[in-house]
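**Q** Structure supplied as entry10.txt; contents: compact mmCIF, C-alpha atoms and all ligand atoms.
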```
# COMPACT_ATOMS: atom_id res chain seq x y z
CA MET R 10 92.34 282.26 90.50
CA GLN R 11 90.09 280.11 88.39
CA SER R 12 86.67 281.46 87.78
CA HIS R 13 83.67 279.16 87.68
CA SER R 14 80.73 279.52 85.42
CA LEU R 15 77.39 278.04 86.30
CA PRO R 16 76.36 274.93 84.33
CA SER R 17 74.97 275.94 80.95
CA SER R 18 71.81 273.91 81.56
CA TRP R 19 70.86 276.45 84.14
CA GLN R 20 68.34 279.02 83.06
CA ALA R 21 69.15 282.26 84.81
CA PRO R 22 66.12 284.16 86.05
CA PRO R 23 65.40 287.10 83.75
CA ARG R 24 67.53 290.09 84.61
CA SER R 25 66.09 293.42 83.70
CA GLY R 26 69.14 295.36 84.86
CA ALA R 27 66.85 297.90 86.43
CA GLN R 28 64.88 298.08 89.64
CA ARG R 29 61.23 297.00 89.55
CA TRP R 30 60.23 300.32 91.06
CA THR R 31 61.79 303.65 91.80
CA LEU R 32 61.56 306.12 94.63
CA GLU R 33 59.80 308.60 92.36
CA GLN R 34 56.82 306.25 92.07
CA ILE R 35 56.02 306.69 95.75
CA ASP R 36 54.08 309.80 96.61
CA PHE R 37 55.33 310.50 100.13
CA SER R 38 53.17 313.65 100.27
CA ARG R 39 50.13 311.35 100.63
CA THR R 40 51.47 309.94 103.91
CA ASN R 41 48.95 310.02 106.74
CA VAL R 42 51.43 311.51 109.21
CA GLY R 43 48.81 311.94 111.93
CA ALA R 44 47.93 308.23 111.93
CA VAL R 45 51.54 306.99 112.21
CA HIS R 46 53.41 309.65 114.14
CA ASP R 47 52.55 308.50 117.67
CA VAL R 48 52.68 304.78 117.00
CA ASP R 49 55.94 303.94 118.76
CA HIS R 50 56.39 300.47 117.32
CA LEU R 51 56.12 301.81 113.75
CA PHE R 52 58.80 304.39 114.52
CA TYR R 53 61.19 301.67 115.70
CA LEU R 54 60.29 299.14 112.98
CA VAL R 55 60.78 301.62 110.15
CA VAL R 56 63.89 303.33 111.57
CA THR R 57 65.75 300.05 112.30
CA ALA R 58 64.93 298.74 108.83
CA SER R 59 66.11 302.02 107.25
CA PHE R 60 69.46 301.69 109.05
CA ILE R 61 70.16 298.08 108.09
CA GLU R 62 69.10 298.58 104.46
CA SER R 63 71.17 301.76 104.14
CA GLY R 64 74.22 299.96 105.50
CA SER R 65 73.91 297.13 103.00
CA ASP R 66 76.66 298.36 100.66
CA THR R 67 79.19 297.44 103.36
CA TYR R 68 78.32 293.77 103.34
CA THR R 69 77.64 293.74 99.60
CA ARG R 70 81.24 294.72 98.99
CA ASN R 71 82.32 291.78 101.11
CA LEU R 72 79.92 289.45 99.37
CA VAL R 73 80.93 290.49 95.86
CA ALA R 74 84.57 289.84 96.77
CA HIS R 75 83.58 286.51 98.34
CA PHE R 76 82.00 285.37 95.05
CA ALA R 77 84.80 286.63 92.81
CA ASP R 78 85.24 283.08 91.44
CA TRP R 79 81.58 283.00 90.40
CA PRO R 80 81.25 286.05 88.11
CA GLU R 81 77.54 285.57 87.38
CA ILE R 82 76.70 285.70 91.06
CA ALA R 83 79.10 288.58 91.77
CA ASP R 84 77.63 290.51 88.84
CA TRP R 85 74.05 290.03 90.04
CA LEU R 86 75.02 291.02 93.58
CA GLU R 87 76.70 294.18 92.45
CA HIS R 88 74.33 295.37 89.74
CA GLN R 89 70.91 294.18 90.85
CA TRP R 90 70.83 293.17 94.46
CA GLN R 91 72.86 295.97 95.98
CA PRO R 92 71.05 298.84 94.20
CA GLU R 93 67.72 297.34 95.29
CA GLU R 94 68.78 297.03 98.94
CA LEU R 95 70.10 300.59 98.93
CA GLN R 96 66.86 301.79 97.40
CA HIS R 97 65.02 300.14 100.30
CA GLY R 98 67.22 302.19 102.62
CA ARG R 99 66.55 305.46 100.78
CA ALA R 100 62.80 304.87 100.62
CA LEU R 101 62.55 304.00 104.31
CA ARG R 102 64.69 306.97 105.27
CA THR R 103 62.44 309.28 103.24
CA TYR R 104 59.44 307.81 105.03
CA VAL R 105 61.06 308.34 108.46
CA GLU R 106 61.91 311.95 107.59
CA THR R 107 58.37 312.54 106.33
CA VAL R 108 56.68 311.29 109.50
CA TRP R 109 59.30 312.12 112.16
CA PRO R 110 61.15 315.24 110.92
CA GLU R 111 62.30 315.88 114.51
CA PHE R 112 64.35 312.65 114.42
CA ASP R 113 67.94 313.35 113.37
CA TRP R 114 68.31 310.46 110.90
CA PRO R 115 71.82 311.34 109.65
CA ALA R 116 73.25 311.59 113.19
CA ALA R 117 71.54 308.40 114.38
CA TYR R 118 72.59 306.53 111.23
CA ALA R 119 76.21 307.70 111.57
CA ALA R 120 76.31 306.34 115.13
CA PHE R 121 74.71 303.07 114.01
CA PHE R 122 77.03 302.71 111.02
CA ASP R 123 80.13 303.28 113.09
CA GLU R 124 79.31 300.18 115.13
CA TYR R 125 77.62 298.12 112.39
CA SER R 126 80.41 298.49 109.82
CA ARG R 127 82.80 296.87 112.27
CA LEU R 128 80.50 293.83 112.49
CA CYS R 129 80.42 293.39 108.69
CA THR R 130 83.70 291.65 108.01
CA VAL R 131 84.61 288.87 105.62
CA ASP R 132 85.02 286.62 108.70
CA GLU R 133 81.27 286.84 109.15
CA LEU R 134 80.70 285.02 105.86
CA GLU R 135 80.55 281.26 105.44
CA ASP R 136 83.83 280.07 104.01
CA ASP R 137 82.09 277.60 101.74
CA ARG R 138 80.32 279.64 99.03
CA THR R 139 77.44 277.17 98.75
CA LEU R 140 76.77 277.55 102.46
CA GLU R 141 77.00 281.34 102.26
CA LEU R 142 74.14 281.15 99.76
CA VAL R 143 72.15 279.19 102.36
CA ALA R 144 72.92 281.99 104.86
CA ARG R 145 71.68 284.56 102.31
CA CYS R 146 68.42 282.57 101.95
CA VAL R 147 67.99 282.85 105.74
CA VAL R 148 68.54 286.62 105.64
CA GLU R 149 66.11 287.14 102.75
CA THR R 150 63.52 284.94 104.49
CA GLY R 151 63.91 287.16 107.54
CA THR R 152 63.49 290.39 105.61
CA ALA R 153 60.56 289.07 103.51
CA THR R 154 58.64 288.07 106.65
CA TYR R 155 59.59 291.31 108.41
CA TYR R 156 58.19 293.50 105.64
CA GLU R 157 55.07 291.38 105.37
CA THR R 158 54.47 292.03 109.06
CA LEU R 159 55.25 295.73 108.67
CA ARG R 160 52.81 295.93 105.75
CA ASP R 161 50.08 294.38 107.89
CA LEU R 162 50.82 296.68 110.83
CA ALA R 163 50.98 299.84 108.71
CA VAL R 164 48.12 302.18 109.48
CA ASP R 165 48.99 304.35 106.48
CA PRO R 166 48.53 303.32 102.83
CA VAL R 167 51.89 304.84 101.79
CA LEU R 168 53.74 302.73 104.37
CA ALA R 169 51.73 299.62 103.44
CA ASP R 170 52.56 300.15 99.76
CA LEU R 171 56.24 300.70 100.49
CA ALA R 172 56.47 297.62 102.74
CA GLU R 173 54.76 295.51 100.07
CA ARG R 174 57.16 296.69 97.34
CA ILE R 175 60.15 295.88 99.53
CA ARG R 176 58.67 292.52 100.56
CA ALA R 177 58.28 291.52 96.92
CA ASP R 178 61.93 292.45 96.26
CA GLU R 179 63.10 290.36 99.24
CA VAL R 180 61.15 287.32 98.05
CA ARG R 181 62.74 287.71 94.62
CA HIS R 182 66.19 288.00 96.23
CA TYR R 183 65.50 284.76 98.10
CA LYS R 184 64.61 283.05 94.82
CA TYR R 185 67.84 284.15 93.19
CA PHE R 186 69.97 283.03 96.13
CA PHE R 187 68.11 279.72 96.25
CA ARG R 188 68.64 279.05 92.54
CA TYR R 189 72.32 279.94 92.78
CA PHE R 190 72.57 277.67 95.82
CA LYS R 191 71.04 274.72 93.91
CA ARG R 192 73.53 275.09 91.09
CA LEU R 193 76.54 275.31 93.40
CA ARG R 194 75.30 272.40 95.47
CA GLU R 195 75.07 270.26 92.33
CA ALA R 196 78.50 271.34 91.20
CA ARG R 197 80.14 270.76 94.56
CA GLY R 198 78.15 268.02 96.28
CA THR R 199 77.22 269.89 99.46
CA THR R 200 75.57 267.56 101.98
CA ARG R 201 72.25 268.04 103.75
CA LEU R 202 74.04 268.05 107.08
CA GLN R 203 76.29 270.94 105.98
CA VAL R 204 73.21 272.88 104.87
CA VAL R 205 71.49 272.31 108.22
CA GLY R 206 74.66 273.49 110.00
CA ALA R 207 74.74 276.72 107.98
CA LEU R 208 71.02 277.32 108.58
CA ARG R 209 71.52 276.86 112.29
CA ARG R 210 74.52 279.20 112.48
CA ARG R 211 72.74 281.97 110.58
CA LEU R 212 69.51 281.62 112.52
CA ILE R 213 71.34 281.95 115.84
CA GLU R 214 73.11 285.08 114.59
CA LEU R 215 69.89 286.55 113.26
CA ARG R 216 68.36 286.72 116.72
CA ASP R 217 70.67 289.19 118.32
CA SER R 218 72.99 291.02 116.02
CA ASP R 219 72.04 293.61 113.42
CA THR R 220 68.58 294.45 114.71
CA ASP R 221 69.80 294.99 118.27
CA VAL R 222 72.47 297.43 117.13
CA ALA R 223 69.97 299.31 114.93
CA LEU R 224 67.33 299.42 117.64
CA ARG R 225 69.76 300.72 120.26
CA HIS R 226 70.80 303.64 118.05
CA ALA R 227 67.20 304.40 117.03
CA TRP R 228 66.30 304.48 120.73
CA GLN R 229 69.29 306.62 121.75
CA HIS R 230 68.37 309.25 119.16
CA ARG R 231 64.59 309.05 119.64
CA PRO R 232 62.79 312.37 119.71
CA HIS R 233 61.46 313.58 123.08
CA ALA R 234 63.79 311.23 124.97
CA ASP R 235 63.37 313.36 128.07
CA ALA R 236 59.60 312.86 128.33
CA GLY R 237 58.61 311.50 131.76
CA ASP R 238 56.88 308.30 130.61
CA ASP R 239 59.61 307.29 128.19
CA PRO R 240 60.16 303.50 128.45
CA PRO R 241 63.71 302.08 128.75
CA LEU R 242 65.36 300.29 125.83
CA ASP R 243 64.83 296.74 127.11
CA GLN R 244 61.12 297.41 127.51
CA VAL R 245 60.89 298.83 123.98
CA ALA R 246 62.81 295.82 122.64
CA ASN R 247 60.65 293.28 124.50
CA ARG R 248 57.44 294.87 123.27
CA LEU R 249 58.69 294.88 119.69
CA TYR R 250 59.87 291.27 119.77
CA GLN R 251 56.56 290.16 121.25
CA LEU R 252 54.62 292.10 118.65
CA LEU R 253 56.69 290.63 115.83
CA GLY R 254 56.82 287.13 117.34
CA ALA R 255 53.04 286.97 117.45
CA ARG R 256 52.58 288.22 113.90
CA LEU R 257 55.47 287.02 111.75
CA PRO R 258 54.22 284.62 109.06
CA LEU R 259 56.34 281.81 110.49
CA ASP R 260 54.70 278.98 108.55
CA GLN R 261 55.84 280.63 105.34
CA ALA R 262 59.29 281.39 106.80
CA VAL R 263 59.77 277.76 107.83
CA LYS R 264 58.84 276.58 104.32
CA MET R 265 61.42 278.96 102.82
CA LEU R 266 64.08 277.90 105.32
CA LEU R 267 63.53 274.19 104.73
CA ARG R 268 63.79 274.39 100.96
CA PRO R 269 67.61 274.34 100.80
CA VAL R 270 67.63 271.25 103.07
CA ASP R 271 65.87 269.42 100.23
CA LEU R 272 64.07 266.88 102.36
CA PRO R 273 61.83 264.23 100.85
CA HIS R 274 58.47 265.91 100.30
CA ARG R 275 56.52 263.85 102.86
CA LEU R 276 59.09 264.40 105.59
CA GLU R 277 59.18 268.13 104.91
CA HIS R 278 55.41 268.24 105.17
CA LEU R 279 55.53 266.28 108.42
CA ILE R 280 58.00 268.55 110.24
CA GLU R 281 56.82 271.95 108.98
CA LYS R 282 54.10 272.42 111.60
CA PRO R 283 56.11 271.31 114.68
CA ILE R 284 59.02 273.56 113.63
CA THR R 285 56.66 276.51 113.14
CA ARG R 286 55.21 275.94 116.62
CA LEU R 287 58.69 275.70 118.10
CA ALA R 288 59.85 278.88 116.34
CA ARG R 289 56.82 280.77 117.63
CA ARG R 290 57.55 279.61 121.18
CA VAL R 291 61.22 280.63 120.88
CA LEU R 292 60.28 284.07 119.53
CA ALA R 293 57.68 284.67 122.20
CA ALA R 294 60.09 283.68 125.00
FE FE S 301 66.09 294.98 101.59
FE FE S 302 67.03 291.49 100.06
```
Before we go any further, please render this structure as structure tokens.
**A**
Amino acid sequence: MQSHSLPSSWQAPPRSGAQRWTLEQIDFSRTNVGAVHDVDHLFYLVVTASFIESGSDTYTRNLVAHFADWPEIADWLEHQWQPEELQHGRALRTYVETVWPEFDWPAAYAAFFDEYSRLCTVDELEDDRTLELVARCVVETGTATYYETLRDLAVDPVLADLAERIRADEVRHYKYFFRYFKRLREARGTTRLQVVGALRRRLIELRDSDTDVALRHAWQHRPHADAGDDPPLDQVANRLYQLLGARLPLDQAVKMLLRPVDLPHRLEHLIEKPITRLARRVLAA
């Protein structure tokens, strides 16, 4: 198969080849366990994120193979993006095990992974590589806004610091995917309508796939499941979605999502606010 190189005019973002931070830089012993331990929503927010991040090598493998004809992208995915996502998983897992040692993370993760790995197939990816990059921008927008919300909800400085480090990584991932998208779009003439279609497909999927699977397994393995006042899964899920829906920085998310559509500046400006309002209504429903 022919391999494509990106146009030489393109300035690749600097690649350090190493993560911006390491696990050793986070002093988990400073965690304020007492402040976080009984905050149910933090348990579910951190555990679900730890599952999805830890499972990311499954879909990275698929993605690297998907971009085999674009070696620069495949190389970045394999050597920069994947190690960073896996580090997010390790850091979040360490946090979970620091605050909730009674939670059996390996058993819960194994159950989650068994189901999740079957969802991560090449069929899930956009056939058109340019549009898959749009889908990746949607995912990174989702994670960036998620960690921003987690940072603001954190009642412990160690968790706030961790969420901020991860958020910054996700924003950087978005920037890479967006730049790669722009180059492929130029090379292949992807239309605005195609981009909107890919955005729509990925946004619909985002609502009810990965997070639901992760949350269900976190809930099934929750400590003290037999306590009398233990709320059912749908109640836990509703509370979480309402909490997130009210706090997610949607204006910023909408800006990030609209960028690949490449609308004339005035039009983009005009529709940003109504879309943000609509998204908030949909999330709160
Ligand atoms: Fe991540
Ligand atoms: Fe990411």
**Q** Name the closest residue to Gln28 (chain R) among the candidates R:Leu266, R:Val105, R:Ile280, R:Ala177; distances are taken between atoms, counting only C-alpha atoms.
**A**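 Smallest distance to Gln28 (chain R) is found for R:Ala177.
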**Q** Measuring between all atoms listed in the file, which one of R:Gly151, R:Pro80, R:Gly206, R:Pro110 shows the shortest distance to ligand FE 302 (chain S)?
**A**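 Between R:Gly151, R:Pro80, R:Gly206, R:Pro110, the residue approaching ligand FE 302 (chain S) most closely is R:Gly151.
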**Q** Nearest to Thr150 (chain R) among R:Pro92, R:Pro258, R:Pro241, R:Gly43, with distances taken over only C-alpha atoms: which residue is it?
**A**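 When distances to Thr150 (chain R) are compared using only C-alpha atoms, the smallest one comes from R:Pro258.
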**Q** Between CA of Thr107 (chain R) and CA of Tyr155 (chain R), what is the distance in Å, rounded to a tenth?
**A**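 CA of Tyr155 (chain R) lies 21.4 Å from CA of Thr107 (chain R).
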**Q** Looking at all atoms listed in the file, which of R:Arg138, R:Cys146, R:Tyr183, R:Arg248 is the one that sits closest to Asp78 (chain R)?
**A**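 With all atoms listed in the file as the atom set, the closest residue is R:Arg138.
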**Q** Would you pick out the contacts of Ala116 (chain R) at 12 Å or less, using all atoms listed in the file, so that residues sharing its chain but fewer than 2 positions from it are not included, and give the list as a list of chain:residue names?
**A**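 Here the qualifying residues turn out to be R:Phe60, R:Glu111, R:Phe112, R:Asp113, R:Trp114, R:Tyr118, R:Ala119, R:Ala120, R:Phe121, R:Phe122, R:Asp123, R:His226, R:Ala227, R:Gln229, R:His230, R:Arg231.
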**Q** Ranking R:Ala77, R:Ala234, R:Val164, R:Ala58 by minimum distance to ligand FE 302 (chain S) and counting all atoms listed in the file, which one comes first?
**A**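 Once distances to ligand FE 302 (chain S) are computed over all atoms listed in the file, the minimum belongs to R:Ala58.
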**Q** Set out as JSON lines a contact list for chain R and ligand FE 301 (chain S) with a cut-off of 10 Å, giving each residue of chain R that qualifies its closest atom pair and distance in Å to one decimal, counting all atoms listed in the file, ordered by chain and rising residue number.
**A**
```
{"residue": "R:Ala58", "atom": "CA", "partner": "S:FE301", "partner_atom": "FE", "distance": 8.2}
{"residue": "R:Ser59", "atom": "CA", "partner": "S:FE301", "partner_atom": "FE", "distance": 9.0}
{"residue": "R:Ile61", "atom": "CA", "partner": "S:FE301", "partner_atom": "FE", "distance": 8.3}
{"residue": "R:Glu62", "atom": "CA", "partner": "S:FE301", "partner_atom": "FE", "distance": 5.5}
{"residue": "R:Ser63", "atom": "CA", "partner": "S:FE301", "partner_atom": "FE", "distance": 8.8}
{"residue": "R:Ser65", "atom": "CA", "partner": "S:FE301", "partner_atom": "FE", "distance": 8.2}
{"residue": "R:Trp90", "atom": "CA", "partner": "S:FE301", "partner_atom": "FE", "distance": 8.8}
{"residue": "R:Gln91", "atom": "CA", "partner": "S:FE301", "partner_atom": "FE", "distance": 8.8}
{"residue": "R:Pro92", "atom": "CA", "partner": "S:FE301", "partner_atom": "FE", "distance": 9.7}
{"residue": "R:Glu93", "atom": "CA", "partner": "S:FE301", "partner_atom": "FE", "distance": 6.9}
{"residue": "R:Glu94", "atom": "CA", "partner": "S:FE301", "partner_atom": "FE", "distance": 4.3}
{"residue": "R:Leu95", "atom": "CA", "partner": "S:FE301", "partner_atom": "FE", "distance": 7.4}
{"residue": "R:Gln96", "atom": "CA", "partner": "S:FE301", "partner_atom": "FE", "distance": 8.0}
{"residue": "R:His97", "atom": "CA", "partner": "S:FE301", "partner_atom": "FE", "distance": 5.4}
{"residue": "R:Gly98", "atom": "CA", "partner": "S:FE301", "partner_atom": "FE", "distance": 7.4}
{"residue": "R:Val148", "atom": "CA", "partner": "S:FE301", "partner_atom": "FE", "distance": 9.6}
{"residue": "R:Glu149", "atom": "CA", "partner": "S:FE301", "partner_atom": "FE", "distance": 7.9}
{"residue": "R:Thr152", "atom": "CA", "partner": "S:FE301", "partner_atom": "FE", "distance": 6.6}
{"residue": "R:Ala153", "atom": "CA", "partner": "S:FE301", "partner_atom": "FE", "distance": 8.3}
{"residue": "R:Tyr156", "atom": "CA", "partner": "S:FE301", "partner_atom": "FE", "distance": 9.0}
{"residue": "R:Ile175", "atom": "CA", "partner": "S:FE301", "partner_atom": "FE", "distance": 6.4}
{"residue": "R:Arg176", "atom": "CA", "partner": "S:FE301", "partner_atom": "FE", "distance": 7.9}
{"residue": "R:Ala177", "atom": "CA", "partner": "S:FE301", "partner_atom": "FE", "distance": 9.7}
{"residue": "R:Asp178", "atom": "CA", "partner": "S:FE301", "partner_atom": "FE", "distance": 7.2}
{"residue": "R:Glu179", "atom": "CA", "partner": "S:FE301", "partner_atom": "FE", "distance": 6.0}
{"residue": "R:Val180", "atom": "CA", "partner": "S:FE301", "partner_atom": "FE", "distance": 9.8}
{"residue": "R:His182", "atom": "CA", "partner": "S:FE301", "partner_atom": "FE", "distance": 8.8}
```
**Q** Residues near Arg70 (chain R), anyone? I mean within 8 Å using all atoms listed in the file, not counting same-chain ones fewer than 4 positions away, as a CSV table (one decimal) with C-alpha atoms, in the frame of the given file.
**A**
```
chain,number,residue,atom,x,y,z
R,66,ASP,CA,76.7,298.4,100.7
R,74,ALA,CA,84.6,289.8,96.8
R,87,GLU,CA,76.7,294.2,92.4
```
**Q** Counting all atoms listed in the file, I want the residues whose atoms come within 12 Å of (82.7, 295.3, 102.7) in the file frame, returned as a list in words.
**A** Gly64, Ser65, Asp66, Thr67, Tyr68, Thr69, Arg70, Asn71, Leu72, Val73, Ala74, His75, Glu87, Gln91, Tyr125, Ser126, Arg127, Leu128, Cys129, Thr130, Val131, Asp132, Glu133 and Leu134 of chain R
**Q** By how many Å are CA of Ala169 (chain R) and CA of Leu249 (chain R) apart?
**A** 18.3 Å
**Q** Env of Lys282 (chain R): 12 Å cut, atoms = all atoms listed in the file, seq-sep filter 6 positions within chain, self excluded. Answer as number ranges by chain.
**A** R: 259-264, 267, 276, 288-289
**Q** Store the residues of this selection in a file with C-alpha atoms, as a PDB file, in the coordinates of the input.
**A**
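Contents of out_1.pdb, as written:
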```pdb
ATOM      1  CA  LEU R 259      56.340 281.810 110.490  1.00  0.00           C
ATOM      2  CA  ASP R 260      54.700 278.980 108.550  1.00  0.00           C
ATOM      3  CA  GLN R 261      55.840 280.630 105.340  1.00  0.00           C
ATOM      4  CA  ALA R 262      59.290 281.390 106.800  1.00  0.00           C
ATOM      5  CA  VAL R 263      59.770 277.760 107.830  1.00  0.00           C
ATOM      6  CA  LYS R 264      58.840 276.580 104.320  1.00  0.00           C
ATOM      7  CA  LEU R 267      63.530 274.190 104.730  1.00  0.00           C
ATOM      8  CA  LEU R 276      59.090 264.400 105.590  1.00  0.00           C
ATOM      9  CA  ALA R 288      59.850 278.880 116.340  1.00  0.00           C
ATOM     10  CA  ARG R 289      56.820 280.770 117.630  1.00  0.00           C
TER      11      ARG R 289
END
```
**Q** Choose the residue, out of R:Arg29, R:Arg145, R:His50, R:Arg225, that has the smallest atom-to-atom separation from ligand FE 302 (chain S); count all atoms listed in the file.
**A** R:Arg145
**Q** Would you mind exporting region 210-258 of chain R with C-alpha atoms, as a tab-separated table (two decimals), in the first residue's frame?
**A**
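Listed below is the output, selection.tsv:
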```
chain	number	residue	atom	x	y	z
R	210	ARG	CA	-22.19	10.46	14.44
R	211	ARG	CA	-19.50	10.73	17.10
R	212	LEU	CA	-21.53	12.99	19.35
R	213	ILE	CA	-24.47	10.57	19.31
R	214	GLU	CA	-22.14	7.70	20.22
R	215	LEU	CA	-20.48	9.71	22.96
R	216	ARG	CA	-23.70	9.97	24.92
R	217	ASP	CA	-24.27	6.37	25.73
R	218	SER	CA	-21.41	4.05	25.06
R	219	ASP	CA	-18.09	3.94	26.91
R	220	THR	CA	-19.11	5.86	30.00
R	221	ASP	CA	-22.21	3.74	30.56
R	222	VAL	CA	-20.21	0.52	30.42
R	223	ALA	CA	-17.57	1.94	32.80
R	224	LEU	CA	-20.15	3.30	35.22
R	225	ARG	CA	-22.07	0.02	35.36
R	226	HIS	CA	-18.94	-1.94	36.30
R	227	ALA	CA	-17.84	0.69	38.83
R	228	TRP	CA	-21.29	0.47	40.40
R	229	GLN	CA	-21.41	-3.34	40.40
R	230	HIS	CA	-18.09	-3.50	42.25
R	231	ARG	CA	-18.73	-0.54	44.57
R	232	PRO	CA	-17.68	-1.04	48.17
R	233	HIS	CA	-20.45	-1.50	50.75
R	234	ALA	CA	-22.97	-2.43	48.05
R	235	ASP	CA	-25.15	-4.06	50.70
R	236	ALA	CA	-25.68	-0.89	52.73
R	237	GLY	CA	-29.39	-0.16	53.22
R	238	ASP	CA	-29.49	3.31	51.62
R	239	ASP	CA	-27.50	2.32	48.55
R	240	PRO	CA	-29.05	4.00	45.47
R	241	PRO	CA	-29.72	1.96	42.29
R	242	LEU	CA	-27.57	2.39	39.19
R	243	ASP	CA	-30.03	4.52	37.22
R	244	GLN	CA	-30.28	6.96	40.12
R	245	VAL	CA	-26.48	7.17	40.40
R	246	ALA	CA	-26.22	7.71	36.64
R	247	ASN	CA	-28.92	10.41	36.57
R	248	ARG	CA	-27.31	12.31	39.42
R	249	LEU	CA	-23.91	12.18	37.73
R	250	TYR	CA	-25.22	13.30	34.34
R	251	GLN	CA	-27.10	16.18	35.95
R	252	LEU	CA	-24.04	17.21	37.92
R	253	LEU	CA	-21.85	17.11	34.82
R	254	GLY	CA	-24.49	18.65	32.54
R	255	ALA	CA	-24.77	21.67	34.79
R	256	ARG	CA	-21.02	22.17	35.08
R	257	LEU	CA	-19.34	21.11	31.85
R	258	PRO	CA	-17.70	24.10	30.15
```
